[in-house]
Amino acid sequence: MTSIRSIKGTQDILPGQSQRWQALETTIRNIMDTYGYSEIRTPAFERTELFSRGVGTETDIVSKEMYSWTDQGGENLTLKPELTAPVVRSFIQHNLGGQSPMNKLYYIDALFRRERPQKGRYRQFHQFGIEAFGSEHPEIDAEVIALAMTVFNNIGLEGLTLKLNSIGSPECRSDYRNALRDFLKPHFSDLSETSQKRFENNPLRILDTKVPHEIEILKDAPQISDSWTAEDKTHFEEVCSFLDEMGIQYSIEPNLVRGLDYYTRTTFEITSTALGAQNAICGGGRYDGLVEMLGGKPTPGIGFAAGMERILLALGNVETNSKTTQVYIVGLGDAVRPTVVKLAEDLRHNNIRTQLDVLRRSMKAQMRDANKSSATIAVIIGDKELKSGLAEIKDLKTGDQEPVKIKGLVDHINSLTL
RNA sequence: GUGGGUGUAGCUCAACUGGUUAGAGCACCUGGUUGUGGUCCAGGAGGUUGUGGGUUCGAGUCCCAUCACUCACCCCA
């Protein structure tokens with residue numbers, strides 16, 4: 001009989017690791033509170049159409065990475081591979097825009113993409129992120145970026161680079177697309193196969209290339225900034241000046257376009273030097289046309305998503321102090337079982353972290369376990385103590401032991417500093 | 001989808017150019033006389049060497065296949 005293993009690219013988060021996750025999640029939630037973002041939770045799966053329309057059929061995510069299936073009712077469904085589209089869908093469906101001109105939402109959630117796993121990349125992975133709907137002004141761009149940086153600084157991530165760019169408004173982008181095509185046309189035969197494909201359907205992505213001779217060609221290419229409208233320019237400059245004002249360092253990367261179709265104007269990415277090839281810890285940008293594209297009223301929006309696994313990876317294995325046991329109850333013999341079971345329950349109801357041996361082990365084994373649990377005190381109750389009505393309380397640090405009335409044990413333990 | 005690396009106990013690793021019964025440390029369990037932890041000492045359990053073939057008198061070791069893990073390409077968090 002072969003045992004069943006977890007699916008490739010998925011991982012169990014075992015007790016030692018789950019503490020690190022909880023610490024990270026707590027920090028995130030606290031910071032979201034201080035910035036005024038509220039949590040939104042969307043279903044694990046959606047109609048496939050949401051992603052093909054929202055993210056773009058030409059993107060890698062939609063064209064080859066989605067877990068999709070047809071259910072028994074004939075509907076085409078997909079495990080969510082990203083969260084902006086589902087949050088936008090929910091925003092539209094519940095008319096959140098109609099209830100308030102500004103909506104600031106955050107999430108911590110699991111995502112699914114069928115890629116070949118490697119360091120920092122998994123088939124089920126987790127992101128936290130925000131989506132802010134309602135404002136087209138650069139204040140919110142700066143706030144979104146600042147929030148991300150605050151989380152990373154707060155948890156002690158070092159070696160980060162914030163990369164910033166603006167890909168302009170849709171009008172300017174179509175201008176630029178033409179300019180870029182005109183520029184690349186003479187070099188077409190020198191381009192890689194993928195770049196040649198992108199030449200037709202998404203020429204901006206060619207800017208992202210890592211092929212050395214393409215980078216060389218692109219040196220003289222027109223810049224997106226050349227096609228910016230006056231408003232695009234002012235917008236970007238204001239975002240930069242707000243970041244300067246807050247003391248946030250960034251580097252402007254004219255070729256940062258990012259993979260998803262819905263971005264407009266501000267795009268940004270935060271990378272870490274502590275990771276391998278998958279060094280992006282956070283990515284985001286503005287998507288002023290997305291809400292309308294998915295059937296809502298025209299509403300500007302901006303957000304980011306950050307990879308939890310990558311953050312924890314970049315953070316390294318730092319010690320997290322877990323809540324240890326305070327009281328360990330050592331019970332000896334059949335007669336005491338009702339007493340110790342009740343005692344453990346009473347202590348726990350008094351918020352005292354209590355462990356009770358449930359393996360009916362020898363005293364030696366129980367004491368060893370008590371020591372391992374790093375409990376402050378052990379309460380020893382056997383036949384003798386039951387008869388006398390006095391339990392032995394042993395301080396596991398000093399080894400001192402004293403008898404205490406079983407009747408008043410909870411009060412007594414409550415009065416101790418554990 | 002493509003390429004590289006690695007598979008020996010729960011974990012970290014040994015086992016010379018193929019040669020007896022595959023070892024150690026940590027962790028785990030039991031003892032060191034009645035009911036007292038850590039340290040120490042003694043003992044125990046735990047492996048079809050990922051799996052299947054092949055070469056050989058003989059394979060953990062060599063060859064082939066396969067699977068898993070891992071890193072990288074592509075792309076992304």
# chains A, B, ... in the order shown; residues from 1 in each chain; ligands from 1
>>> interface_residues(of="chain B", to="chain A", cutoff="7 Å", atoms="only C-alpha atoms (C1' of nucleotides)", output="list in words")
G35, U36, G37, G38, C71, C75 and A77 of chain B
>>> residues_around(residues="Ile206 (chain A)", least_positions_apart="3", cutoff="10 Å", atoms="only C-alpha atoms (C1' of nucleotides)", output="PyMOL selection string")
chain A and resi 180+184+191-192+194-199+202-203+209-211+214-215+218+255+257
>>> select_by_dssp(residues="region 143-231 of chain A", states="helix (DSSP H, G or I)", output="JSON, numbers by chain")
{"A": [143, 144, 145, 146, 147, 148, 149, 150, 151, 152, 153, 154, 170, 171, 172, 173, 174, 175, 176, 177, 178, 179, 180, 181, 182, 183, 184, 185, 186, 187, 188, 189, 190, 193, 194, 195, 196, 197, 198, 199, 200, 201, 203, 204, 205, 206, 207, 208, 212, 213, 214, 215, 216, 217, 218, 224, 225, 226, 227, 230, 231]}
>>> write_last_selection(atoms="C-alpha atoms", output="short mmCIF file (atom, residue, chain, number, x, y, z; two decimals), in the first residue's frame")
data_model
loop_
_atom_site.label_atom_id
_atom_site.label_comp_id
_atom_site.auth_asym_id
_atom_site.auth_seq_id
_atom_site.Cartn_x
_atom_site.Cartn_y
_atom_site.Cartn_z
CA GLU A 143 -0.59 55.39 0.38
CA VAL A 144 -0.81 51.95 -1.20
CA ILE A 145 2.92 51.82 -1.74
CA ALA A 146 3.64 53.18 1.73
CA LEU A 147 1.41 50.54 3.29
CA ALA A 148 3.32 47.76 1.55
CA MET A 149 6.66 49.17 2.64
CA THR A 150 5.40 49.61 6.20
CA VAL A 151 4.46 45.94 6.43
CA PHE A 152 7.86 44.84 5.14
CA ASN A 153 9.80 47.21 7.37
CA ASN A 154 7.71 46.23 10.34
CA PRO A 170 -4.98 53.93 -22.14
CA GLU A 171 -4.88 56.63 -24.85
CA CYS A 172 -1.21 57.24 -24.38
CA ARG A 173 -0.57 53.55 -24.37
CA SER A 174 -2.05 52.96 -27.80
CA ASP A 175 0.11 55.82 -29.10
CA TYR A 176 3.11 54.29 -27.47
CA ARG A 177 2.29 50.83 -28.74
CA ASN A 178 2.40 52.15 -32.28
CA ALA A 179 5.61 54.05 -31.66
CA LEU A 180 7.20 50.93 -30.22
CA ARG A 181 6.05 48.78 -33.14
CA ASP A 182 7.47 51.30 -35.61
CA PHE A 183 10.75 51.22 -33.77
CA LEU A 184 10.93 47.43 -33.54
CA LYS A 185 9.82 46.69 -37.09
CA PRO A 186 13.32 46.94 -38.61
CA HIS A 187 14.64 44.61 -35.87
CA PHE A 188 11.80 42.12 -36.11
CA SER A 189 13.87 39.23 -37.45
CA ASP A 190 16.37 39.68 -34.60
CA GLU A 193 10.13 33.90 -30.88
CA THR A 194 8.18 35.05 -27.82
CA SER A 195 8.96 38.67 -28.52
CA GLN A 196 7.81 38.25 -32.10
CA LYS A 197 4.54 36.89 -30.82
CA ARG A 198 4.18 39.78 -28.40
CA PHE A 199 4.90 42.24 -31.18
CA GLU A 200 1.33 41.68 -32.33
CA ASN A 201 -0.71 41.15 -29.19
CA PRO A 203 4.31 44.79 -27.57
CA LEU A 204 4.79 46.47 -24.16
CA ARG A 205 5.78 43.14 -22.68
CA ILE A 206 8.81 43.07 -24.97
CA LEU A 207 10.23 45.80 -22.74
CA ASP A 208 10.42 43.24 -19.96
CA PRO A 212 20.72 40.40 -23.80
CA HIS A 213 20.65 41.38 -27.46
CA GLU A 214 17.03 42.48 -27.17
CA ILE A 215 17.95 44.67 -24.23
CA GLU A 216 20.66 46.11 -26.47
CA ILE A 217 18.15 46.85 -29.23
CA LEU A 218 15.74 48.41 -26.77
CA ILE A 224 6.64 55.24 -22.45
CA SER A 225 7.20 58.57 -20.79
CA ASP A 226 7.52 60.14 -24.25
CA SER A 227 3.89 59.26 -24.88
CA ALA A 230 0.30 66.05 -19.48
CA GLU A 231 -1.99 64.51 -16.85
#
>>> select_by_dssp(residues="region 229-374 of chain A", states="strand (DSSP E)", output="PyMOL selection string")
chain A and resi 251-252+264-272+280-286+301-307+327-331+354-356
>>> write_last_selection(atoms="N, CA, C and O atoms", output="short mmCIF file (atom, residue, chain, number, x, y, z; two decimals), in the first residue's frame")
data_model
loop_
_atom_site.label_atom_id
_atom_site.label_comp_id
_atom_site.auth_asym_id
_atom_site.auth_seq_id
_atom_site.Cartn_x
_atom_site.Cartn_y
_atom_site.Cartn_z
N SER A 251 13.25 53.34 -7.08
CA SER A 251 14.04 53.53 -8.29
C SER A 251 13.10 53.48 -9.48
O SER A 251 12.23 52.59 -9.58
N ILE A 252 13.20 54.44 -10.36
CA ILE A 252 12.29 54.50 -11.51
C ILE A 252 12.80 53.57 -12.60
O ILE A 252 13.96 53.63 -12.99
N THR A 264 -2.89 50.44 -15.57
CA THR A 264 -2.79 51.77 -16.17
C THR A 264 -1.93 52.62 -15.25
O THR A 264 -1.88 52.38 -14.06
N ARG A 265 -1.27 53.60 -15.80
CA ARG A 265 -0.45 54.53 -15.01
C ARG A 265 0.52 53.82 -14.06
O ARG A 265 1.33 53.01 -14.48
N THR A 266 0.37 54.09 -12.76
CA THR A 266 1.36 53.60 -11.80
C THR A 266 1.50 52.08 -11.79
O THR A 266 0.51 51.35 -11.66
N THR A 267 2.73 51.58 -11.95
CA THR A 267 3.01 50.17 -11.69
C THR A 267 4.22 50.14 -10.77
O THR A 267 5.09 51.01 -10.85
N PHE A 268 4.25 49.15 -9.89
CA PHE A 268 5.42 49.04 -9.01
C PHE A 268 5.67 47.60 -8.63
O PHE A 268 4.80 46.72 -8.78
N GLU A 269 6.85 47.36 -8.15
CA GLU A 269 7.27 46.02 -7.80
C GLU A 269 8.31 46.15 -6.70
O GLU A 269 9.13 47.07 -6.72
N ILE A 270 8.26 45.25 -5.74
CA ILE A 270 9.25 45.28 -4.67
C ILE A 270 10.00 43.95 -4.70
O ILE A 270 9.38 42.89 -4.65
N THR A 271 11.31 44.02 -4.83
CA THR A 271 12.10 42.80 -4.91
C THR A 271 13.01 42.69 -3.70
O THR A 271 13.32 43.67 -3.04
N SER A 272 13.41 41.45 -3.43
CA SER A 272 14.28 41.17 -2.29
C SER A 272 15.56 40.51 -2.76
O SER A 272 15.54 39.66 -3.64
N ALA A 280 10.58 38.72 -6.70
CA ALA A 280 9.54 39.73 -6.50
C ALA A 280 8.69 39.34 -5.29
O ALA A 280 8.14 38.26 -5.23
N ILE A 281 8.64 40.25 -4.34
CA ILE A 281 7.91 39.96 -3.12
C ILE A 281 6.54 40.61 -3.17
O ILE A 281 5.59 40.18 -2.53
N CYS A 282 6.44 41.62 -4.01
CA CYS A 282 5.20 42.38 -4.07
C CYS A 282 5.10 43.05 -5.43
O CYS A 282 6.11 43.51 -5.97
N GLY A 283 3.90 43.05 -5.99
CA GLY A 283 3.71 43.72 -7.26
C GLY A 283 2.34 44.35 -7.30
O GLY A 283 1.39 43.82 -6.73
N GLY A 284 2.24 45.48 -7.97
CA GLY A 284 0.93 46.11 -8.02
C GLY A 284 0.89 47.26 -8.97
O GLY A 284 1.85 47.54 -9.68
N GLY A 285 -0.25 47.93 -8.95
CA GLY A 285 -0.39 49.07 -9.84
C GLY A 285 -1.83 49.53 -9.91
O GLY A 285 -2.72 48.97 -9.26
N ARG A 286 -2.00 50.53 -10.74
CA ARG A 286 -3.31 51.15 -10.91
C ARG A 286 -4.05 50.45 -12.04
O ARG A 286 -3.43 49.98 -13.00
N GLY A 301 -9.05 52.40 -9.66
CA GLY A 301 -8.63 51.49 -8.59
C GLY A 301 -7.13 51.28 -8.62
O GLY A 301 -6.47 51.51 -9.63
N ILE A 302 -6.61 50.89 -7.47
CA ILE A 302 -5.18 50.59 -7.39
C ILE A 302 -4.99 49.57 -6.29
O ILE A 302 -5.73 49.56 -5.30
N GLY A 303 -3.99 48.70 -6.46
CA GLY A 303 -3.76 47.69 -5.42
C GLY A 303 -2.42 47.01 -5.61
O GLY A 303 -1.67 47.32 -6.53
N PHE A 304 -2.16 46.09 -4.69
CA PHE A 304 -0.95 45.28 -4.85
C PHE A 304 -1.22 43.91 -4.27
O PHE A 304 -2.20 43.71 -3.53
N ALA A 305 -0.36 42.96 -4.60
CA ALA A 305 -0.40 41.64 -3.99
C ALA A 305 1.02 41.28 -3.58
O ALA A 305 1.97 41.57 -4.31
N ALA A 306 1.15 40.68 -2.42
CA ALA A 306 2.48 40.32 -1.92
C ALA A 306 2.48 38.85 -1.56
O ALA A 306 1.50 38.32 -1.03
N GLY A 307 3.55 38.15 -1.87
CA GLY A 307 3.63 36.71 -1.67
C GLY A 307 4.09 36.35 -0.27
O GLY A 307 5.20 36.67 0.13
N VAL A 327 1.16 25.13 33.31
CA VAL A 327 0.97 24.12 34.35
C VAL A 327 0.89 22.73 33.73
O VAL A 327 0.18 22.54 32.73
N TYR A 328 1.64 21.79 34.27
CA TYR A 328 1.56 20.40 33.81
C TYR A 328 1.03 19.57 34.96
O TYR A 328 1.60 19.58 36.05
N ILE A 329 -0.05 18.85 34.72
CA ILE A 329 -0.65 18.05 35.78
C ILE A 329 -0.19 16.60 35.66
O ILE A 329 -0.39 15.96 34.63
N VAL A 330 0.45 16.14 36.72
CA VAL A 330 0.90 14.75 36.76
C VAL A 330 -0.09 13.96 37.61
O VAL A 330 -0.23 14.21 38.80
N GLY A 331 -0.80 13.05 36.97
CA GLY A 331 -1.76 12.23 37.70
C GLY A 331 -1.26 10.80 37.83
O GLY A 331 -0.70 10.25 36.89
N THR A 354 -2.59 24.79 30.29
CA THR A 354 -2.45 23.58 31.09
C THR A 354 -2.32 22.33 30.23
O THR A 354 -3.03 22.19 29.24
N GLN A 355 -1.41 21.45 30.60
CA GLN A 355 -1.29 20.16 29.92
C GLN A 355 -1.56 19.04 30.91
O GLN A 355 -1.19 19.14 32.08
N LEU A 356 -2.20 18.00 30.40
CA LEU A 356 -2.52 16.85 31.22
C LEU A 356 -2.08 15.60 30.46
O LEU A 356 -2.36 15.48 29.28
#
>>> residues_around(residues="U49 (chain B)", least_positions_apart="4", cutoff="10 Å", atoms="only C-alpha atoms (C1' of nucleotides)", output="PyMOL selection string")
chain B and resi 7-8+22+60
>>> closest_residue(among="B:U70, B:U55, B:U30, B:U2", to="G18 (chain B)", atoms="only C-alpha atoms (C1' of nucleotides)")
B:U55
